[in-house]
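Read the structure below first, then the notes.
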Amino acid sequence: MREHDRLFIGGEWTTPSGTGTIDVISPHTEEIIGRVPDGTPADMDAAVAAAREAFDRGPWPRMTPAERAEILGRLSAIYAERQQSMADLVTEEMGSPIGFSIFAQAAIPQMTLQYYIDLAGTFTWEEERPGMLGPVTVTREPVGVVAAIYPWNVPQFTFIMKLAPALIAGCTVVAKPSPETPLDAYLLAEWIKEAGIPDGVVNIVPGGRETGAYLVEHPGVDKVAFTGSTDAGRKIAAACGQRLRPVTLELGGKSAAIILEDADLASTIEGFKLASLMNNGEACAAQTRILAPRSRYDEVADALATMVGGLSVGDPADYTTEIGPLVARRQQERVEGYIRIGQDEGAKVIAGGLDRPHDRGWYVAPTVFGGVTNDMRIAREEIFGPVLALLSYDDEEDAVRIANDSDYGLGGSVWTADVDHGVEVARRIRTGSCGVNMYIMEPNTPFGGYKDSGLGRELGPEGLSPYLEYKAIPRPA
Ligand code: NAD
């Protein structure tokens, strides 16, 4: 049991203003594994004040990028050394299978941090441009105090995607982890303190959506970075619009995997274990609409049902587990609700269904629906669990049309024996990323969504821009 009774504010472990607490419950055992304070508006005020002070008067924004990189390098080294403990903790909190967790809940966050540290050395922070009347210095300045709000499904990755570029830019940060997964943020806070990042540069206040909404609207905040649901994203965008506050939004998805006529079926279906079912299907970029050519529909349906029906579902800490429990009972019920909706809509369960694989823990059987049409809710709405919808298409044109017929535009993939042709098809998909014969998010390439999947990009140099203001200083020749 990890009991935290303080908040990380101003570089200190401070006493919270309220008495409310958040219980963190294991999705596998349904037992309480940790407890943290439930942040109040007064706690947010204190956190924003600390971040404001560190930004307005502290050393951090005044250091050179190289100096900041050196300090962040200490954090990166600690992270690299102890990443197994981070992976174990996130798995315990939210049920990510440990094999996936080591990679996505710890290694990639650390690599993302290191990527921005390295970028500091090559990024153009300042340049001279010739102007009409004389030279102009164009410089990049940190945007200020950043509010970072993120979800429970990949808590470290979605936090570090904001924290690393914000810190290298010279910003200070107030983070609000999800109530389901605050413990990993506490572990990171310990490492931040140990690395010697100046006081007030990072502040962490766990809490629910009201606490998040309070932070978004706080007058001391200069920029909001959000990952979460499209519904919450709309509210946050509206609040930021009212205040003309810059905001980046990474929201939901309903991505398509297009199997082309010439695809090798065995490797394609194997590839879906990651592309479509990563993190128990609790992944914004999961490719949950599988598009098969009508001529190969039956063979795809059989192979997909066999693969999904054969997945090992169980204790996420077990290295042989492929699908763990969902984050919360609420999520289990939501996903089961969608399985009922799919049945009511006339789609056919060809693997899985409503029988729970385990009595204890928030497990749902990995499920495939066959005979899905793109107007069904199970093809249009984000389910956020291990539920796949199999659709058929007539020809490539039709496949591209179906893939693009979505309110979302986050990820996708094309599966083919002809990689060059796959790239051509990927170019036609209106999403922020689209893989060929694989899907991955790379620290050095932009990630984000078209349409209802969000605004702006994270990762890569593109993910640094939202944390910078650009300033021109013209002067006489
Ligand atoms: P959520 O939107 O309910 O919550 C996300 C975070 O925002 C939490 O910290 C929550 O407390 C906070 N929050 C909720 N409403 C808020 C508001 N009005 N103002 C301020 N803060 C608010 O989402 P969730 O259920 O925790 O996470 C799942 C969602 O996240 C899915 O829709 C998924 O697609 C999305 N997601 C997107 C990406 C991406 O990069 N595009 C990555 C991971 C998850």
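Just so we're on the same page: first chain in the structure tokens is A, next is B, and so on; residues restart at 1 for each chain, and ligands are numbered from 1 in the order they show up.
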
For this session: Could you find all residues in range 12-53 of chain A that DSSP calls alpha helix (DSSP H) from the backbone, and write them as an MDAnalysis selection string?
Result: chainID A and resid 41:53

Problem set entry | Distance query range 109-116 of chain A at most 7 Å, only C-alpha atoms, self and fewer than 4 positions along chain excluded, as number ranges by chain | A: 76, 79-80, 105, 120, 156-157, 160-161, 164-165, 168, 443-444

Dump N, CA, C and O atoms for the selected residues as a CSV table (one decimal), in the first residue's frame?
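The result, stored in out_39.csv:
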chain,number,residue,atom,x,y,z
A,76,SER,N,16.8,12.0,-16.7
A,76,SER,CA,16.7,10.9,-17.7
A,76,SER,C,17.6,9.7,-17.2
A,76,SER,O,17.2,8.6,-17.4
A,79,TYR,N,15.7,7.9,-14.6
A,79,TYR,CA,14.6,7.2,-15.2
A,79,TYR,C,15.1,5.9,-15.9
A,79,TYR,O,14.5,4.9,-15.8
A,80,ALA,N,16.1,6.1,-16.7
A,80,ALA,CA,16.6,4.9,-17.4
A,80,ALA,C,17.0,3.7,-16.5
A,80,ALA,O,16.7,2.6,-16.7
A,105,GLN,N,5.0,2.2,-21.0
A,105,GLN,CA,4.7,3.0,-19.8
A,105,GLN,C,6.0,3.5,-19.1
A,105,GLN,O,5.9,4.2,-18.1
A,120,ALA,N,17.7,19.8,-27.6
A,120,ALA,CA,18.1,21.2,-27.1
A,120,ALA,C,19.4,21.6,-27.8
A,120,ALA,O,19.7,22.7,-28.0
A,156,GLN,N,2.4,7.9,-17.8
A,156,GLN,CA,3.7,8.5,-17.9
A,156,GLN,C,4.0,9.1,-19.3
A,156,GLN,O,4.6,10.1,-19.4
A,157,PHE,N,3.6,8.3,-20.3
A,157,PHE,CA,3.9,8.8,-21.7
A,157,PHE,C,3.2,10.1,-22.0
A,157,PHE,O,3.8,11.1,-22.4
A,160,ILE,N,5.0,12.9,-19.9
A,160,ILE,CA,6.3,13.2,-20.3
A,160,ILE,C,6.3,13.9,-21.7
A,160,ILE,O,7.1,14.8,-22.0
A,161,MET,N,5.3,13.5,-22.5
A,161,MET,CA,5.1,14.2,-23.8
A,161,MET,C,4.9,15.7,-23.7
A,161,MET,O,5.1,16.5,-24.6
A,164,ALA,N,8.5,17.1,-20.9
A,164,ALA,CA,9.8,17.2,-21.5
A,164,ALA,C,10.0,18.4,-22.4
A,164,ALA,O,10.9,19.2,-22.2
A,165,PRO,N,9.1,18.6,-23.4
A,165,PRO,CA,9.3,19.8,-24.2
A,165,PRO,C,9.0,21.1,-23.4
A,165,PRO,O,9.7,22.1,-23.7
A,168,ILE,N,12.3,21.7,-21.4
A,168,ILE,CA,13.5,22.1,-22.2
A,168,ILE,C,13.3,23.5,-22.8
A,168,ILE,O,14.2,24.3,-22.9
A,443,PRO,N,9.3,9.0,-30.6
A,443,PRO,CA,9.6,10.3,-29.9
A,443,PRO,C,9.9,11.5,-30.8
A,443,PRO,O,9.6,12.6,-30.5
A,444,ASN,N,10.6,11.1,-32.0
A,444,ASN,CA,11.0,12.2,-32.8
A,444,ASN,C,10.1,12.6,-34.0
A,444,ASN,O,10.5,13.3,-34.9

What are the closest atom pairs, with distances in Å to one decimal, for all residues of range 52-125 of chain A lying within 12 Å of range 21-27 of chain A? Consider only C-alpha atoms, order rows by chain and residue number, and present the result as a tab-separated table.
residue	atom	partner	partner_atom	distance
A:Leu89	CA	A:Ser26	CA	10.4
A:Val90	CA	A:Ser26	CA	10.2
A:Thr91	CA	A:Ser26	CA	9.0
A:Glu92	CA	A:Ser26	CA	6.0
A:Glu93	CA	A:Ser26	CA	5.6
A:Met94	CA	A:Pro27	CA	6.2
A:Gly95	CA	A:Pro27	CA	5.9
A:Ser96	CA	A:Pro27	CA	9.7
A:Pro97	CA	A:Pro27	CA	11.6

Would you mind exporting N, CA, C and O atoms of the selected residues as a PDB file, in the first residue's frame?
ATOM      1  N   LEU A  89       4.807  -0.260 -11.512  1.00  0.00           N
ATOM      2  CA  LEU A  89       3.819   0.572 -10.806  1.00  0.00           C
ATOM      3  C   LEU A  89       2.620   0.897 -11.706  1.00  0.00           C
ATOM      4  O   LEU A  89       1.467   0.794 -11.281  1.00  0.00           O
ATOM      5  N   VAL A  90       2.886   1.269 -12.952  1.00  0.00           N
ATOM      6  CA  VAL A  90       1.770   1.608 -13.848  1.00  0.00           C
ATOM      7  C   VAL A  90       0.903   0.368 -14.092  1.00  0.00           C
ATOM      8  O   VAL A  90      -0.326   0.445 -14.111  1.00  0.00           O
ATOM      9  N   THR A  91       1.552  -0.782 -14.246  1.00  0.00           N
ATOM     10  CA  THR A  91       0.793  -2.031 -14.418  1.00  0.00           C
ATOM     11  C   THR A  91      -0.106  -2.295 -13.212  1.00  0.00           C
ATOM     12  O   THR A  91      -1.265  -2.676 -13.347  1.00  0.00           O
ATOM     13  N   GLU A  92       0.439  -2.042 -12.022  1.00  0.00           N
ATOM     14  CA  GLU A  92      -0.352  -2.254 -10.808  1.00  0.00           C
ATOM     15  C   GLU A  92      -1.534  -1.286 -10.745  1.00  0.00           C
ATOM     16  O   GLU A  92      -2.632  -1.642 -10.336  1.00  0.00           O
ATOM     17  N   GLU A  93      -1.286  -0.043 -11.175  1.00  0.00           N
ATOM     18  CA  GLU A  93      -2.342   0.974 -11.097  1.00  0.00           C
ATOM     19  C   GLU A  93      -3.476   0.735 -12.080  1.00  0.00           C
ATOM     20  O   GLU A  93      -4.642   0.933 -11.761  1.00  0.00           O
ATOM     21  N   MET A  94      -3.106   0.431 -13.344  1.00  0.00           N
ATOM     22  CA  MET A  94      -4.160   0.451 -14.363  1.00  0.00           C
ATOM     23  C   MET A  94      -4.263  -0.797 -15.244  1.00  0.00           C
ATOM     24  O   MET A  94      -5.094  -0.844 -16.134  1.00  0.00           O
ATOM     25  N   GLY A  95      -3.427  -1.811 -14.982  1.00  0.00           N
ATOM     26  CA  GLY A  95      -3.669  -3.107 -15.621  1.00  0.00           C
ATOM     27  C   GLY A  95      -3.016  -3.332 -16.969  1.00  0.00           C
ATOM     28  O   GLY A  95      -3.325  -4.300 -17.662  1.00  0.00           O
ATOM     29  N   SER A  96      -2.105  -2.458 -17.361  1.00  0.00           N
ATOM     30  CA  SER A  96      -1.390  -2.652 -18.623  1.00  0.00           C
ATOM     31  C   SER A  96      -0.527  -3.917 -18.520  1.00  0.00           C
ATOM     32  O   SER A  96       0.235  -4.065 -17.556  1.00  0.00           O
ATOM     33  N   PRO A  97      -0.603  -4.846 -19.479  1.00  0.00           N
ATOM     34  CA  PRO A  97       0.238  -6.053 -19.394  1.00  0.00           C
ATOM     35  C   PRO A  97       1.713  -5.670 -19.286  1.00  0.00           C
ATOM     36  O   PRO A  97       2.186  -4.810 -20.026  1.00  0.00           O
TER      37      PRO A  97
END

Exercise. Range 53-273 of chain A: which residues are strand (DSSP E or B) by DSSP, as JSON, numbers by chain?
Worked result: {"A": [126, 127, 128, 129, 130, 135, 136, 137, 138, 139, 140, 141, 142, 145, 146, 147, 148, 149, 172, 173, 174, 175, 176, 202, 203, 204, 223, 224, 225, 226, 227, 247, 248, 249, 250, 256, 257, 258, 259]}

For this session: Find, counting only C-alpha atoms and all ligand atoms, the residue in A:Val138, A:Val372, A:Ala148, A:Ile98 that gets nearest to ligand 1.
Result: A:Ala148

Exercise. Of the candidates A:Gln287, A:Thr268, A:Asn280, A:Ser229, which one gets nearest to ligand 1 if we count only C-alpha atoms and all ligand atoms?
Worked result: A:Ser229
